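Trainee: The structure follows.
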Amino acid sequence: MVKLLLSRAGILSLVLLICLIPVSGCGVMNDRPADEDLSLVLAGMDGSDGVSFEGAAALLVGGKAVPESSLYYGGKVADHNKVSLYSLLPDGSQPGTAAGSAPHPLEQGSGDVPVYYTRLVKEDGEWKAQQAAQPLQESNPLEALNPLRQLEELEGLEKTVTEEAGSARGTRVLRIELTPEEARSQLSAELEREMQAIRPASQVAAGTAAGKPAKELEARAALWEQKQAELQQRLKQASIRTVYYLKVDAKRNLPARLTCNRTTTSPGRAGVVTEETYITQVDFYGYQ
């Protein structure tokens with residue numbers, strides 16, 4: 001998991017999605033500033049009782065896809081504040097009986113993928129996992145892909161919102177670019193949450209009870225501290241750019257697709273600049 005987090009610290013990618021991003025246009029649509037229109041769309045989402053979704057996430061390093069980073073997932077929102085997410089297999093099917101089948105799976109890649117499932121509920125303004133984590137288990141990547149949390153965060157972030165030109169009939173696309181400072185702060189907070197979730201020191205008691213030798217736990221804690229320091233150093237040296245594209249159903253004024261592109265450029269070995277791009281995309285359907 002630490003290796004995955006370090007790769008995300010650079011970050012982001014789905015080549016297919018990049019080709020679908022339209023060209024930026026003016027900042028006003030329907031005689032309203034684009035940022036006001038974004039607020040109305042987010043309010044409409046908040047007023048929806050439920051919705052199904054399907055998404056994908058992947059990483060590019062130096063312009064090349066990292067196969068093991070690809071993750072395909074689906075899920076449902078219920079009662080405004082409950083979200084279930086489950087991973088999809090490369091052929092678009094769902095492992096086991098995690099949830100019902102979805103009508104339009106995204107194009108999938110190949111290769112073996114781990115199976116994940118999580119249930120989240122919003123309590124006191126925070127999204128929390130309902131199921132208890134297993135001792136010394138890696139964190140669940142689906143928790144960071146909660147689309148409701150992603151949409152909610154957009155409202156309070158420092159950003160520039162414009163409308164894209166050339167949208168398909170019946171849709172609008174908002175381009176939302178975070179300020180450099182906000183992009184760095186957002187990524188730092190995300191990585192900190194994930195690093196704390198896998199911190200061995202918080203699981204020593206559980207590990208000891210499970211028969212893990214004390215020296216092994218100490219070694220894991222030392223490795224965590226080392227990787228945490230390396231991660232923070234990389235973040236300080238990196239240039240981070242985060243851009244969202246929100247496709248809106250113009251008739252219902254509800255989100256139809258949310259794409260997030262996060263590109264991190266940082267100095268590598270021998271002074272070679274490394275660029276990593278991490279992209280997530282989620283489609284919404286079946287509003288209630």
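Labels used: A, B, ... for chains in the order of the structure tokens, numbers from 1 for residues in each chain, and numbers from 1 for ligands as shown.
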Can you tell me, as a PyMOL selection string, what residues are no more than 7 Å from segment 67-70 of chain A when counting only C-alpha atoms, ignoring any on the same chain fewer than 3 positions away?

Mentor: chain A and resi 57-59

Trainee: Have a look at A:Arg149, A:Val115, A:Leu85, A:Ser266 and name the one nearest to Gln130 of chain A; count only C-alpha atoms.

Mentor: A:Leu85

Trainee: For atom CA of Tyr278 of chain A and atom CA of Tyr73 of chain A, determine how far apart the two atoms are, in Å to one decimal place.

Mentor: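 Atom CA of Tyr73 of chain A lies at a distance of 15.7 Å from atom CA of Tyr278 of chain A.
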
Trainee: Skip Asp79 of chain A itself and residues of its chain fewer than 2 positions away, then list as a PDB file with N, CA and C atoms, in the first residue's frame all residues within 9 Å of it, counting only C-alpha atoms.

Mentor:
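What follows is the written file out00.pdb:
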ATOM      1  N   SER A  48     -31.115  14.684  -4.216  1.00  0.00           N
ATOM      2  CA  SER A  48     -31.491  13.396  -4.784  1.00  0.00           C
ATOM      3  C   SER A  48     -31.505  12.317  -3.699  1.00  0.00           C
ATOM      4  N   ASP A  49     -32.536  11.463  -3.698  1.00  0.00           N
ATOM      5  CA  ASP A  49     -32.638  10.403  -2.698  1.00  0.00           C
ATOM      6  C   ASP A  49     -31.618   9.298  -2.921  1.00  0.00           C
ATOM      7  N   GLY A  50     -31.297   9.047  -4.183  1.00  0.00           N
ATOM      8  CA  GLY A  50     -30.357   7.974  -4.465  1.00  0.00           C
ATOM      9  C   GLY A  50     -29.922   7.982  -5.919  1.00  0.00           C
ATOM     10  N   VAL A  77     -25.896   5.110  -4.056  1.00  0.00           N
ATOM     11  CA  VAL A  77     -26.127   6.079  -2.984  1.00  0.00           C
ATOM     12  C   VAL A  77     -27.560   5.909  -2.521  1.00  0.00           C
ATOM     13  N   ASN A  81     -27.080   9.873   2.503  1.00  0.00           N
ATOM     14  CA  ASN A  81     -25.834   9.803   3.283  1.00  0.00           C
ATOM     15  C   ASN A  81     -25.258   8.398   3.420  1.00  0.00           C
ATOM     16  N   LYS A  82     -25.688   7.468   2.564  1.00  0.00           N
ATOM     17  CA  LYS A  82     -25.147   6.112   2.613  1.00  0.00           C
ATOM     18  C   LYS A  82     -24.631   5.727   1.235  1.00  0.00           C
ATOM     19  N   VAL A  83     -23.410   5.237   1.199  1.00  0.00           N
ATOM     20  CA  VAL A  83     -22.785   4.870  -0.074  1.00  0.00           C
ATOM     21  C   VAL A  83     -22.182   3.476   0.032  1.00  0.00           C
TER      22      VAL A  83
END

Trainee: So that I can see what lies close to Gln281 of chain A, please list as number ranges by chain the residues with an atom at most 8 Å from it, counting only C-alpha atoms and leaving out residues fewer than 5 positions away in the same chain.

Mentor: A: 17, 55-57, 257-260

Trainee: Selected residues, C-alpha atoms, written as an mmCIF file, in the first residue's frame, please.

Mentor:
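Saved result, out_27.cif, follows:
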data_model
loop_
_atom_site.group_PDB
_atom_site.id
_atom_site.type_symbol
_atom_site.label_atom_id
_atom_site.label_comp_id
_atom_site.auth_asym_id
_atom_site.auth_seq_id
_atom_site.Cartn_x
_atom_site.Cartn_y
_atom_site.Cartn_z
ATOM 1 C CA LEU A 17 -10.449 9.837 -20.861
ATOM 2 C CA GLY A 55 -16.230 4.498 -12.262
ATOM 3 C CA ALA A 56 -12.614 3.813 -13.060
ATOM 4 C CA ALA A 57 -9.218 5.010 -11.847
ATOM 5 C CA ARG A 257 -20.101 12.357 -15.095
ATOM 6 C CA LEU A 258 -17.253 13.596 -12.925
ATOM 7 C CA THR A 259 -13.669 13.333 -14.120
ATOM 8 C CA CYS A 260 -10.669 14.369 -12.056
#

Trainee: Quick one: residues within 12 Å of segment 154-160 of chain A, only C-alpha atoms, excluding same-chain residues fewer than 5 positions away - as a ChimeraX atom specification?

Mentor: /A:24,26-27,33-43,46,147-149,174-186,241-246,258,260

Trainee: Measure the distance from atom CA of Thr274 of chain A to atom CA of Glu190 of chain A in Å and round it to one decimal.

Mentor: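 Atom-to-atom, atom CA of Thr274 of chain A and atom CA of Glu190 of chain A are spaced 20.8 Å apart.
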
Trainee: So which residues of segment 200-284 of chain A fall under strand (DSSP E) by DSSP, listed as number ranges by chain?

Mentor: A: 239-249, 254-267, 273-284

Trainee: Hey, can you spit out that residue selection with N, CA, C and O atoms as a compact mmCIF listing (two decimals), in the first residue's frame?

Mentor:
# COMPACT_ATOMS: atom_id res chain seq x y z
N SER A 239 5.25 19.77 -8.24
CA SER A 239 4.30 20.74 -8.75
C SER A 239 3.01 19.97 -9.06
O SER A 239 3.04 18.97 -9.78
N ILE A 240 1.89 20.44 -8.51
CA ILE A 240 0.65 19.68 -8.60
C ILE A 240 -0.44 20.49 -9.29
O ILE A 240 -0.65 21.66 -8.95
N ARG A 241 -1.09 19.89 -10.25
CA ARG A 241 -2.19 20.54 -10.96
C ARG A 241 -3.40 19.61 -10.95
O ARG A 241 -3.29 18.45 -11.37
N THR A 242 -4.53 20.09 -10.47
CA THR A 242 -5.75 19.28 -10.38
C THR A 242 -6.89 19.98 -11.12
O THR A 242 -7.22 21.14 -10.82
N VAL A 243 -7.49 19.25 -12.05
CA VAL A 243 -8.60 19.80 -12.84
C VAL A 243 -9.74 18.79 -12.85
O VAL A 243 -9.53 17.60 -13.13
N TYR A 244 -10.95 19.26 -12.55
CA TYR A 244 -12.16 18.45 -12.62
C TYR A 244 -12.96 18.85 -13.85
O TYR A 244 -12.96 20.02 -14.26
N TYR A 245 -13.67 17.87 -14.41
CA TYR A 245 -14.63 18.13 -15.48
C TYR A 245 -15.96 17.52 -15.05
O TYR A 245 -16.05 16.30 -14.85
N LEU A 246 -16.96 18.36 -14.88
CA LEU A 246 -18.27 17.90 -14.43
C LEU A 246 -19.27 18.01 -15.58
O LEU A 246 -19.64 19.09 -16.00
N LYS A 247 -19.67 16.85 -16.11
CA LYS A 247 -20.68 16.80 -17.16
C LYS A 247 -22.05 16.82 -16.51
O LYS A 247 -22.34 16.04 -15.60
N VAL A 248 -22.90 17.73 -16.97
CA VAL A 248 -24.19 17.96 -16.33
C VAL A 248 -25.33 17.61 -17.28
O VAL A 248 -25.29 17.98 -18.47
N ASP A 249 -26.32 16.90 -16.78
CA ASP A 249 -27.56 16.67 -17.52
C ASP A 249 -28.32 17.98 -17.50
O ASP A 249 -28.85 18.40 -16.47
N LEU A 254 -28.43 17.80 -13.09
CA LEU A 254 -27.79 16.85 -12.18
C LEU A 254 -26.49 16.34 -12.79
O LEU A 254 -26.36 16.29 -14.01
N PRO A 255 -25.53 15.95 -11.96
CA PRO A 255 -24.26 15.42 -12.49
C PRO A 255 -24.48 14.14 -13.30
O PRO A 255 -25.22 13.25 -12.88
N ALA A 256 -23.83 14.07 -14.45
CA ALA A 256 -23.87 12.87 -15.28
C ALA A 256 -22.52 12.16 -15.25
O ALA A 256 -22.45 10.94 -15.33
N ARG A 257 -21.45 12.93 -15.14
CA ARG A 257 -20.10 12.36 -15.09
C ARG A 257 -19.16 13.33 -14.40
O ARG A 257 -19.23 14.53 -14.62
N LEU A 258 -18.29 12.79 -13.58
CA LEU A 258 -17.25 13.60 -12.93
C LEU A 258 -15.90 12.97 -13.23
O LEU A 258 -15.66 11.80 -12.95
N THR A 259 -15.03 13.77 -13.82
CA THR A 259 -13.67 13.33 -14.12
C THR A 259 -12.69 14.22 -13.36
O THR A 259 -12.86 15.44 -13.31
N CYS A 260 -11.70 13.61 -12.76
CA CYS A 260 -10.67 14.37 -12.06
C CYS A 260 -9.30 13.99 -12.61
O CYS A 260 -8.94 12.80 -12.65
N ASN A 261 -8.55 14.98 -13.05
CA ASN A 261 -7.18 14.79 -13.55
C ASN A 261 -6.21 15.46 -12.59
O ASN A 261 -6.26 16.67 -12.41
N ARG A 262 -5.34 14.68 -12.00
CA ARG A 262 -4.33 15.25 -11.10
C ARG A 262 -2.96 14.90 -11.64
O ARG A 262 -2.60 13.73 -11.73
N THR A 263 -2.20 15.90 -12.01
CA THR A 263 -0.86 15.69 -12.57
C THR A 263 0.19 16.25 -11.62
O THR A 263 0.10 17.40 -11.19
N THR A 264 1.16 15.43 -11.32
CA THR A 264 2.24 15.83 -10.43
C THR A 264 3.57 15.73 -11.17
O THR A 264 3.89 14.70 -11.75
N THR A 265 4.32 16.82 -11.15
CA THR A 265 5.64 16.86 -11.78
C THR A 265 6.67 17.07 -10.69
O THR A 265 6.56 18.00 -9.89
N SER A 266 7.68 16.20 -10.66
CA SER A 266 8.68 16.29 -9.60
C SER A 266 10.05 15.87 -10.12
O SER A 266 10.14 15.08 -11.07
N PRO A 267 11.11 16.39 -9.51
CA PRO A 267 12.46 15.99 -9.93
C PRO A 267 12.75 14.55 -9.53
O PRO A 267 12.44 14.14 -8.41
N VAL A 273 13.10 14.93 -14.75
CA VAL A 273 11.77 15.29 -14.26
C VAL A 273 10.80 14.14 -14.51
O VAL A 273 10.74 13.57 -15.61
N THR A 274 10.03 13.79 -13.49
CA THR A 274 9.05 12.72 -13.58
C THR A 274 7.64 13.31 -13.55
O THR A 274 7.33 14.14 -12.68
N GLU A 275 6.81 12.89 -14.49
CA GLU A 275 5.42 13.34 -14.52
C GLU A 275 4.49 12.14 -14.35
O GLU A 275 4.59 11.16 -15.06
N GLU A 276 3.61 12.25 -13.39
CA GLU A 276 2.64 11.19 -13.12
C GLU A 276 1.23 11.80 -13.16
O GLU A 276 1.01 12.87 -12.61
N THR A 277 0.34 11.10 -13.81
CA THR A 277 -1.03 11.59 -13.92
C THR A 277 -2.01 10.51 -13.44
O THR A 277 -1.96 9.38 -13.91
N TYR A 278 -2.84 10.88 -12.48
CA TYR A 278 -3.83 9.97 -11.92
C TYR A 278 -5.21 10.52 -12.28
O TYR A 278 -5.51 11.68 -12.00
N ILE A 279 -6.02 9.69 -12.92
CA ILE A 279 -7.34 10.14 -13.38
C ILE A 279 -8.43 9.23 -12.83
O ILE A 279 -8.29 8.00 -12.83
N THR A 280 -9.48 9.84 -12.33
CA THR A 280 -10.67 9.08 -11.94
C THR A 280 -11.85 9.59 -12.75
O THR A 280 -11.92 10.78 -13.07
N GLN A 281 -12.73 8.69 -13.08
CA GLN A 281 -13.96 9.07 -13.79
C GLN A 281 -15.11 8.26 -13.21
O GLN A 281 -14.98 7.07 -12.96
N VAL A 282 -16.22 8.92 -12.96
CA VAL A 282 -17.40 8.22 -12.46
C VAL A 282 -18.64 8.71 -13.21
O VAL A 282 -18.82 9.91 -13.39
N ASP A 283 -19.46 7.78 -13.68
CA ASP A 283 -20.71 8.08 -14.36
C ASP A 283 -21.88 7.83 -13.42
O ASP A 283 -21.91 6.81 -12.72
N PHE A 284 -22.86 8.73 -13.43
CA PHE A 284 -24.04 8.60 -12.59
C PHE A 284 -25.26 8.25 -13.45
O PHE A 284 -25.43 8.77 -14.53

Trainee: Rounded to one decimal place, report the atom CA of Ser188 of chain A-atom CA of Leu235 of chain A distance in Å.

Mentor: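 Separating atom CA of Ser188 of chain A from atom CA of Leu235 of chain A is a distance of 7.5 Å.
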
Trainee: Find, counting only C-alpha atoms, the residue in A:Tyr116, A:Asn253, A:Gln237, A:Pro141 that gets nearest to Met45 of chain A.

Mentor: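 Smallest distance to Met45 of chain A is found for A:Asn253.
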